[in-house]
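Notes follow the structure.
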Amino acid sequence: MGEVLQVVLNSGHKMPLIAMGTAQFTFAEDDGSLKLPILEAMVLGYRHFDTAKLCKSERALGEAIAQALNTNIIRSRGDIFITSELWCTDVHLTRSCLPLRKG
């Protein structure tokens, strides 16, 4: 994979602007077929993955990251960026994570 454009975050980290989306049509529970494409994307150089609770792909993404770490496709969890969406019905001031409340 060639040079990927990146954005510098407030933290100083550089996040790739191109992400692999992990949604599957119909948003059904993953049947195990999503982990391999995520691993292949990591082999190709993808380091940014987009998911959401609605996509039901968090487990496959987590399993792919664990396998990529165990097989040295990536060096550490810090090599990967994961973006997600917080669905409007899941926003609760008392239950949202602290960084979201500090905004």
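Starting from 1 in every chain, residues are counted up; chains themselves are A, B, ... following the order of the structure tokens, and ligands are numbered from 1 as listed.
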Practice task
Using DSSP on the backbone coordinates, identify all residues within range 14-90 of chain A classified as strand (DSSP E or B); present the result as JSON, numbers by chain.
Solution key: {"A": [14, 15, 16, 20, 21, 48, 49, 50, 51, 52, 81, 82, 83, 84, 85]}
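Distances from A:Met20, A:Leu36, A:Leu54, A:Leu5 to Ala68 in chain A were compared using only C-alpha atoms, and the smallest one belongs to A:Leu36.
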Exercise for the section: Name the residues in contact with range 82-92 of chain A at a cut-off of 12 Å, using only C-alpha atoms, excluding same-chain residues fewer than 2 positions from it; report them as a ChimeraX atom specification. Expected result: /A:15-23,46-58,61-62,65,77-80,94-98,100-101
Exercise for the section: Would you mind reading off the distance between CA of Gln67 in chain A and CA of Phe81 in chain A, one decimal, in Å? Expected result: 16.1 Å
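Reported to one decimal place, the separation of CA of Asp31 in chain A from CA of Leu44 in chain A is 23.1 Å.
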